[in-house]
Amino acid sequence: MICVGIDVAKDKHDCFIISSEGKVLANVFTIQNSMEGFGYLLEKIRACSLPLDKIKVGLEATGHYSYNILGFLLDNGLDTYVINPLHTNLYRKSLTLRKTKTDRVDARTIAAMLMSDVGLKPYTDTAYHNEELKSLTRYRFDKVKVRAKLKSSIARLVCILFPELEKLVSSLHMASVYALLDEFPGAKQIAAAHLTRLTHLLAESSKGRYGRDKAIEIREAARQSIGSVTTAKSLELRHTIRLIRELDAEIAEIEQVIQRIMDKMLSPITTIPGIGYRMGAMILSEVGDFSRFDSPDKILAYAGLSPSTYQSGQLKNCYAHMEKRGSRYLRYAIFNATKFVCLWDPVFAAYLARKRAEGKHYNVAISHAAKKLVRLIYALVKSGEPYRLAA
C-alpha cells in the first residue's frame, strides 16, 4: 500500500509518499497549485507504485483551497481521504511532545494517519459532486444572516424616526411597511403626505389588506409622533430597505436552484413532517455520502451534537455540555429542523413533551429529539423508503 500525504495551501501543496512498510518513497516535495503541478504529483505517485499497489491519498479539509486538487485526484481514480484538521492536529500531538507544526510536518502526519488506518473512509465521487448543493445552502445561509442583520437595523431606525409605527402594524418587515418607509422615511414625511397617495400606496403594496382607515390611523399617529427628524437616518432607512429587497430576490433565486436539485434527488428526508427542501438540502449536503458513517452517532459527532465527556479519578462531569465541534452548518440545520419536526410530527411532539416533563430545559430536550431525528434520517436515507407516521 502506498500512502500520499498532501498539506494543502493557497498557491502550493507539500506532498509526502510512504509505503505501508514505513519506507519513504518520496521525501517532502512541493507542487504548485496548477495543472502542471497536479500532473507532476500524479507522475510521482505512479513512479513510486506498481500496478497492483493500493494507493491512498490524504489531505485536510481546508475549504475551497482543496476543492480543485480533490477533484483532480478523484477524476484520476485515486482513493482520496479528506481529514478533519482537528483530527490531524491531535494525531500530530500524539506523536511528539514538541510544538512543531509546519507544512512539511503536516504532509508527513497525514501520510502516517493513512498508514496507521485510523478508521478513515475515502471521499466518494458522490460527495464531491454534492459540493454544489453544499455551496448553495451555505451561500443562502450567509445571505439570510446578512438580511437578518439588516432587519435589525430597520427596527432600530424606525424606533428613532417613527416609534409609534410598530404598534400599528403586525410586523415592520412587510412589503406594505417597506413601501411606506421607502417613499416616506420618517414621521414628518408621513404626516405631510396626501391621504389619497398614502391610501393608494398601502392598498397596492398590501394587496388590499390595508386601506383608507389604516392610512388615516398611520398619518394621525405620525402627526403626534415623538420621532426625530434626521436626514441621515432617513437616508439609511431607505438604503437598508433597498438592500433587503435585493437580498430577497437573490435568496429566492438561490432557493429555486436548490429546489430543482432536491427534486432530482428525490430524497426521503423531505417526507418527514417539518423538514422542507431548504433544511433537508442543508442536512444532506453537509452530511454528504451517508456511507462514510457507520452509525447515526458518527453523524452526531460530525455535527458536534454529541455530549462531551470528562472523567478523572473520582471526578465525573455531572453536566455534559454539547461538543459543538465539526460542521456548524449541519449542527444548525439539525437543531432547527428538530424544532419544526417536533411541531408537526406527533411522535416527536410526544417525545419532546416527555423530556420536558422530566425537568429538562427546552434546548436540552430539543437536543435529545435531535438525536432521535438523526437516527430516523440515517435509516430513511440508507433504506430509501419514505417516512410513515406510526399508526
# chains A, B, ... in the order shown; residues from 1 in each chain; ligands from 1
$ select_by_dssp --residues "range 3-223 of chain A" --states "strand (DSSP E or B)" --output "compact mmCIF listing (two decimals) with N, CA and C atoms, in the first residue's frame"
# COMPACT_ATOMS: atom_id res chain seq x y z
N CYS A 3 0.95 5.34 0.61
CA CYS A 3 0.22 6.43 1.28
C CYS A 3 0.82 7.77 0.87
N VAL A 4 -0.04 8.67 0.44
CA VAL A 4 0.40 10.00 -0.01
C VAL A 4 -0.26 11.05 0.88
N GLY A 5 0.55 11.82 1.57
CA GLY A 5 0.03 12.91 2.41
C GLY A 5 0.23 14.24 1.71
N ILE A 6 -0.83 15.05 1.66
CA ILE A 6 -0.76 16.36 1.00
C ILE A 6 -1.21 17.43 1.97
N ASP A 7 -0.35 18.41 2.22
CA ASP A 7 -0.74 19.58 3.01
C ASP A 7 -1.11 20.69 2.03
N VAL A 8 -2.38 21.05 2.04
CA VAL A 8 -2.93 21.98 1.05
C VAL A 8 -2.74 23.42 1.49
N LYS A 12 0.49 26.56 -3.22
CA LYS A 12 1.30 25.36 -3.38
C LYS A 12 0.86 24.30 -2.40
N HIS A 13 1.26 23.06 -2.68
CA HIS A 13 0.91 21.94 -1.81
C HIS A 13 2.18 21.13 -1.51
N ASP A 14 2.37 20.77 -0.24
CA ASP A 14 3.50 19.93 0.14
C ASP A 14 3.05 18.47 0.20
N CYS A 15 3.82 17.59 -0.43
CA CYS A 15 3.43 16.19 -0.57
C CYS A 15 4.50 15.26 0.00
N PHE A 16 4.06 14.10 0.46
CA PHE A 16 4.97 13.11 1.04
C PHE A 16 4.42 11.73 0.71
N ILE A 17 5.29 10.82 0.24
CA ILE A 17 4.85 9.48 -0.16
C ILE A 17 5.63 8.44 0.64
N ILE A 18 4.89 7.50 1.22
CA ILE A 18 5.50 6.46 2.06
C ILE A 18 4.78 5.13 1.80
N SER A 19 5.48 4.03 1.96
CA SER A 19 4.86 2.71 1.78
C SER A 19 4.30 2.24 3.12
N VAL A 24 10.22 5.46 3.04
CA VAL A 24 9.95 6.74 2.40
C VAL A 24 10.23 6.60 0.91
N LEU A 25 9.18 6.73 0.10
CA LEU A 25 9.31 6.60 -1.35
C LEU A 25 9.60 7.94 -2.01
N ALA A 26 9.12 9.01 -1.41
CA ALA A 26 9.40 10.36 -1.92
C ALA A 26 9.33 11.31 -0.74
N ASN A 27 10.48 11.86 -0.38
CA ASN A 27 10.50 12.82 0.73
C ASN A 27 9.69 14.05 0.36
N VAL A 28 9.42 14.88 1.34
CA VAL A 28 8.51 16.02 1.13
C VAL A 28 8.96 16.86 -0.06
N PHE A 29 8.04 17.02 -1.01
CA PHE A 29 8.30 17.86 -2.18
C PHE A 29 7.10 18.78 -2.38
N THR A 30 7.32 19.88 -3.05
CA THR A 30 6.29 20.91 -3.22
C THR A 30 5.84 20.97 -4.67
N ILE A 31 4.52 21.05 -4.87
CA ILE A 31 3.95 21.24 -6.20
C ILE A 31 3.16 22.54 -6.21
N GLN A 32 3.09 23.17 -7.35
CA GLN A 32 2.31 24.39 -7.50
C GLN A 32 0.83 24.06 -7.65
N ILE A 55 -3.32 2.58 -3.58
CA ILE A 55 -2.85 3.94 -3.32
C ILE A 55 -3.90 4.70 -2.52
N LYS A 56 -3.47 5.31 -1.42
CA LYS A 56 -4.35 6.12 -0.59
C LYS A 56 -3.76 7.53 -0.50
N VAL A 57 -4.56 8.51 -0.87
CA VAL A 57 -4.13 9.91 -0.83
C VAL A 57 -4.95 10.64 0.22
N GLY A 58 -4.28 11.36 1.10
CA GLY A 58 -4.97 12.08 2.16
C GLY A 58 -4.66 13.55 2.14
N LEU A 59 -5.67 14.37 2.44
CA LEU A 59 -5.47 15.82 2.56
C LEU A 59 -6.47 16.36 3.57
N GLU A 60 -6.15 17.50 4.13
CA GLU A 60 -7.03 18.11 5.13
C GLU A 60 -8.19 18.84 4.46
N ASP A 79 -8.05 6.71 -4.54
CA ASP A 79 -8.79 6.73 -3.28
C ASP A 79 -8.29 7.90 -2.44
N THR A 80 -9.17 8.88 -2.23
CA THR A 80 -8.77 10.11 -1.55
C THR A 80 -9.52 10.23 -0.23
N TYR A 81 -8.79 10.62 0.80
CA TYR A 81 -9.34 10.76 2.15
C TYR A 81 -9.26 12.22 2.58
N VAL A 82 -10.39 12.80 2.92
CA VAL A 82 -10.44 14.19 3.39
C VAL A 82 -10.52 14.13 4.92
N ILE A 83 -9.51 14.69 5.57
CA ILE A 83 -9.35 14.54 7.02
C ILE A 83 -9.64 15.85 7.74
N TYR A 123 -13.14 9.57 0.42
CA TYR A 123 -14.10 10.57 -0.07
C TYR A 123 -14.62 10.08 -1.40
$ residues_around --residues "His194 in chain A" --least-positions-apart "5" --cutoff "12 Å" --atoms "only C-alpha atoms" --output "list in words"
Phe184, Gln189, Thr199, His200, Leu201, Arg212, Ala215, Ile216 and Arg219 of chain A
$ write_last_selection --atoms "N, CA and C atoms" --output "mmCIF file, in the first residue's frame"
data_model
loop_
_atom_site.group_PDB
_atom_site.id
_atom_site.type_symbol
_atom_site.label_atom_id
_atom_site.label_comp_id
_atom_site.auth_asym_id
_atom_site.auth_seq_id
_atom_site.Cartn_x
_atom_site.Cartn_y
_atom_site.Cartn_z
ATOM 1 N N PHE A 184 -41.762 57.420 2.271
ATOM 2 C CA PHE A 184 -41.869 58.407 3.355
ATOM 3 C C PHE A 184 -41.043 57.927 4.554
ATOM 4 N N GLN A 189 -42.420 63.075 7.212
ATOM 5 C CA GLN A 189 -42.795 62.893 5.816
ATOM 6 C C GLN A 189 -44.184 62.254 5.692
ATOM 7 N N THR A 199 -53.155 56.228 0.956
ATOM 8 C CA THR A 199 -54.131 55.130 0.852
ATOM 9 C C THR A 199 -53.803 54.210 -0.316
ATOM 10 N N HIS A 200 -53.511 54.810 -1.466
ATOM 11 C CA HIS A 200 -53.197 54.029 -2.667
ATOM 12 C C HIS A 200 -51.922 53.201 -2.457
ATOM 13 N N LEU A 201 -50.919 53.803 -1.834
ATOM 14 C CA LEU A 201 -49.645 53.118 -1.597
ATOM 15 C C LEU A 201 -49.836 51.902 -0.699
ATOM 16 N N ARG A 212 -57.990 52.904 3.393
ATOM 17 C CA ARG A 212 -58.079 54.292 3.836
ATOM 18 C C ARG A 212 -58.024 54.413 5.364
ATOM 19 N N ALA A 215 -54.549 54.117 6.555
ATOM 20 C CA ALA A 215 -53.780 55.293 6.130
ATOM 21 C C ALA A 215 -54.048 56.473 7.071
ATOM 22 N N ILE A 216 -55.315 56.652 7.446
ATOM 23 C CA ILE A 216 -55.671 57.737 8.370
ATOM 24 C C ILE A 216 -55.032 57.496 9.738
ATOM 25 N N ARG A 219 -51.265 58.173 9.536
ATOM 26 C CA ARG A 219 -50.953 59.594 9.382
ATOM 27 C C ARG A 219 -51.215 60.366 10.667
#
$ residues_around --residues "Leu343 in chain A" --least-positions-apart "3" --cutoff "12 Å" --atoms "only C-alpha atoms" --output "count of residues only"
19
$ closest_residue --among "A:Pro163, A:Pro51, A:Pro122, A:Leu90" --to "Leu74 in chain A" --atoms "only C-alpha atoms"
A:Pro122
$ closest_residue --among "A:Ile154, A:Ile377, A:Leu389, A:Ile254" --to "Glu166 in chain A" --atoms "only C-alpha atoms"
A:Ile154
$ closest_residue --among "A:Trp344, A:Phe72, A:Tyr302, A:Tyr378" --to "Arg331 in chain A" --atoms "only C-alpha atoms"
A:Tyr302
$ atom_distance --atom1 "CA of Leu120 in chain A" --atom2 "CA of Asp289 in chain A"
13.7 Å
$ residues_around --residues "Arg140 in chain A" --least-positions-apart "3" --cutoff "12 Å" --atoms "only C-alpha atoms" --output "PyMOL selection string"
chain A and resi 133-137+143-147+247-258+278-279+281-282+329
$ write_last_selection --atoms "N, CA and C atoms" --output "PDB file, in the first residue's frame"
ATOM      1  N   LEU A 133     -24.499  21.477  -4.069  1.00  0.00           N
ATOM      2  CA  LEU A 133     -25.625  21.710  -3.160  1.00  0.00           C
ATOM      3  C   LEU A 133     -25.142  22.328  -1.858  1.00  0.00           C
ATOM      4  N   LYS A 134     -23.991  21.889  -1.369  1.00  0.00           N
ATOM      5  CA  LYS A 134     -23.436  22.463  -0.147  1.00  0.00           C
ATOM      6  C   LYS A 134     -23.117  23.942  -0.340  1.00  0.00           C
ATOM      7  N   SER A 135     -22.530  24.279  -1.488  1.00  0.00           N
ATOM      8  CA  SER A 135     -22.200  25.681  -1.770  1.00  0.00           C
ATOM      9  C   SER A 135     -23.454  26.551  -1.791  1.00  0.00           C
ATOM     10  N   LEU A 136     -24.520  26.025  -2.393  1.00  0.00           N
ATOM     11  CA  LEU A 136     -25.765  26.784  -2.482  1.00  0.00           C
ATOM     12  C   LEU A 136     -26.402  26.987  -1.107  1.00  0.00           C
ATOM     13  N   THR A 137     -26.441  25.925  -0.299  1.00  0.00           N
ATOM     14  CA  THR A 137     -27.086  26.042   1.013  1.00  0.00           C
ATOM     15  C   THR A 137     -26.289  26.961   1.932  1.00  0.00           C
ATOM     16  N   LYS A 143     -26.508  34.660   3.187  1.00  0.00           N
ATOM     17  CA  LYS A 143     -27.388  35.740   2.722  1.00  0.00           C
ATOM     18  C   LYS A 143     -28.499  36.009   3.733  1.00  0.00           C
ATOM     19  N   VAL A 144     -29.078  34.947   4.269  1.00  0.00           N
ATOM     20  CA  VAL A 144     -30.155  35.099   5.261  1.00  0.00           C
ATOM     21  C   VAL A 144     -29.629  35.760   6.528  1.00  0.00           C
ATOM     22  N   LYS A 145     -28.397  35.430   6.879  1.00  0.00           N
ATOM     23  CA  LYS A 145     -27.782  36.029   8.070  1.00  0.00           C
ATOM     24  C   LYS A 145     -27.586  37.532   7.882  1.00  0.00           C
ATOM     25  N   VAL A 146     -27.143  37.930   6.694  1.00  0.00           N
ATOM     26  CA  VAL A 146     -26.968  39.355   6.403  1.00  0.00           C
ATOM     27  C   VAL A 146     -28.315  40.064   6.412  1.00  0.00           C
ATOM     28  N   ARG A 147     -29.339  39.412   5.838  1.00  0.00           N
ATOM     29  CA  ARG A 147     -30.675  40.016   5.801  1.00  0.00           C
ATOM     30  C   ARG A 147     -31.231  40.211   7.207  1.00  0.00           C
ATOM     31  N   LEU A 247     -31.656  41.390  -1.465  1.00  0.00           N
ATOM     32  CA  LEU A 247     -31.351  40.104  -0.846  1.00  0.00           C
ATOM     33  C   LEU A 247     -32.526  39.138  -0.974  1.00  0.00           C
ATOM     34  N   ASP A 248     -33.752  39.636  -0.840  1.00  0.00           N
ATOM     35  CA  ASP A 248     -34.943  38.792  -1.006  1.00  0.00           C
ATOM     36  C   ASP A 248     -34.960  38.147  -2.390  1.00  0.00           C
ATOM     37  N   ALA A 249     -34.645  38.942  -3.407  1.00  0.00           N
ATOM     38  CA  ALA A 249     -34.631  38.431  -4.778  1.00  0.00           C
ATOM     39  C   ALA A 249     -33.517  37.409  -4.972  1.00  0.00           C
ATOM     40  N   GLU A 250     -32.346  37.679  -4.404  1.00  0.00           N
ATOM     41  CA  GLU A 250     -31.212  36.760  -4.537  1.00  0.00           C
ATOM     42  C   GLU A 250     -31.474  35.444  -3.813  1.00  0.00           C
ATOM     43  N   ILE A 251     -32.052  35.536  -2.606  1.00  0.00           N
ATOM     44  CA  ILE A 251     -32.351  34.329  -1.827  1.00  0.00           C
ATOM     45  C   ILE A 251     -33.396  33.484  -2.542  1.00  0.00           C
ATOM     46  N   ALA A 252     -34.393  34.147  -3.126  1.00  0.00           N
ATOM     47  CA  ALA A 252     -35.429  33.418  -3.875  1.00  0.00           C
ATOM     48  C   ALA A 252     -34.820  32.686  -5.068  1.00  0.00           C
ATOM     49  N   GLU A 253     -33.863  33.313  -5.744  1.00  0.00           N
ATOM     50  CA  GLU A 253     -33.202  32.683  -6.889  1.00  0.00           C
ATOM     51  C   GLU A 253     -32.378  31.472  -6.441  1.00  0.00           C
ATOM     52  N   ILE A 254     -31.662  31.621  -5.325  1.00  0.00           N
ATOM     53  CA  ILE A 254     -30.874  30.506  -4.782  1.00  0.00           C
ATOM     54  C   ILE A 254     -31.792  29.346  -4.415  1.00  0.00           C
ATOM     55  N   GLU A 255     -32.927  29.661  -3.794  1.00  0.00           N
ATOM     56  CA  GLU A 255     -33.858  28.620  -3.356  1.00  0.00           C
ATOM     57  C   GLU A 255     -34.466  27.871  -4.532  1.00  0.00           C
ATOM     58  N   GLN A 256     -34.656  28.549  -5.650  1.00  0.00           N
ATOM     59  CA  GLN A 256     -35.176  27.886  -6.842  1.00  0.00           C
ATOM     60  C   GLN A 256     -34.206  26.824  -7.345  1.00  0.00           C
ATOM     61  N   VAL A 257     -32.913  27.164  -7.348  1.00  0.00           N
ATOM     62  CA  VAL A 257     -31.891  26.215  -7.801  1.00  0.00           C
ATOM     63  C   VAL A 257     -31.790  25.040  -6.831  1.00  0.00           C
ATOM     64  N   ILE A 258     -31.847  25.337  -5.518  1.00  0.00           N
ATOM     65  CA  ILE A 258     -31.810  24.267  -4.505  1.00  0.00           C
ATOM     66  C   ILE A 258     -32.985  23.320  -4.684  1.00  0.00           C
ATOM     67  N   ARG A 278     -35.438  23.190   1.864  1.00  0.00           N
ATOM     68  CA  ARG A 278     -34.282  24.021   2.216  1.00  0.00           C
ATOM     69  C   ARG A 278     -33.481  23.406   3.357  1.00  0.00           C
ATOM     70  N   MET A 279     -34.166  23.047   4.447  1.00  0.00           N
ATOM     71  CA  MET A 279     -33.459  22.450   5.577  1.00  0.00           C
ATOM     72  C   MET A 279     -32.990  21.044   5.230  1.00  0.00           C
ATOM     73  N   ALA A 281     -32.068  20.032   2.272  1.00  0.00           N
ATOM     74  CA  ALA A 281     -30.893  20.194   1.406  1.00  0.00           C
ATOM     75  C   ALA A 281     -29.651  20.489   2.227  1.00  0.00           C
ATOM     76  N   MET A 282     -29.811  21.291   3.262  1.00  0.00           N
ATOM     77  CA  MET A 282     -28.668  21.648   4.102  1.00  0.00           C
ATOM     78  C   MET A 282     -28.141  20.421   4.848  1.00  0.00           C
ATOM     79  N   TYR A 329     -22.771  24.312  10.253  1.00  0.00           N
ATOM     80  CA  TYR A 329     -23.940  24.388   9.376  1.00  0.00           C
ATOM     81  C   TYR A 329     -24.848  23.176   9.601  1.00  0.00           C
TER      82      TYR A 329
END
$ select_by_dssp --residues "range 113-298 of chain A" --states "helix (DSSP H, G or I)" --output "ChimeraX atom specification"
/A:113-116,125-129,131-161,163-167,175-183,187-191,195-205,212-223,231-265,268-271,277-287,290-292,296-298
$ residues_around --residues "Leu157 in chain A" --least-positions-apart "2" --cutoff "8 Å" --atoms "only C-alpha atoms" --output "list in words"
Ser153, Ile154, Ala155, Cys159, Ile160, Leu161, Lys233, Ser234 and Leu237 of chain A
$ atom_distance --atom1 "CA of Gly71 in chain A" --atom2 "CA of Glu132 in chain A"
12.6 Å
$ closest_residue --among "A:Lys188, A:Arg260, A:Arg356, A:Arg197" --to "Ser228 in chain A" --atoms "only C-alpha atoms"
A:Lys188
$ atom_distance --atom1 "CA of Asn130 in chain A" --atom2 "CA of His368 in chain A"
28.3 Å
$ closest_residue --among "A:Glu236, A:Asp263, A:Glu286, A:Glu21" --to "Ala112 in chain A" --atoms "only C-alpha atoms"
A:Glu21
$ residues_around --residues "Pro386 in chain A" --least-positions-apart "2" --cutoff "10 Å" --atoms "only C-alpha atoms" --output "PyMOL selection string"
chain A and resi 266-272+380-381+383-384+388-389
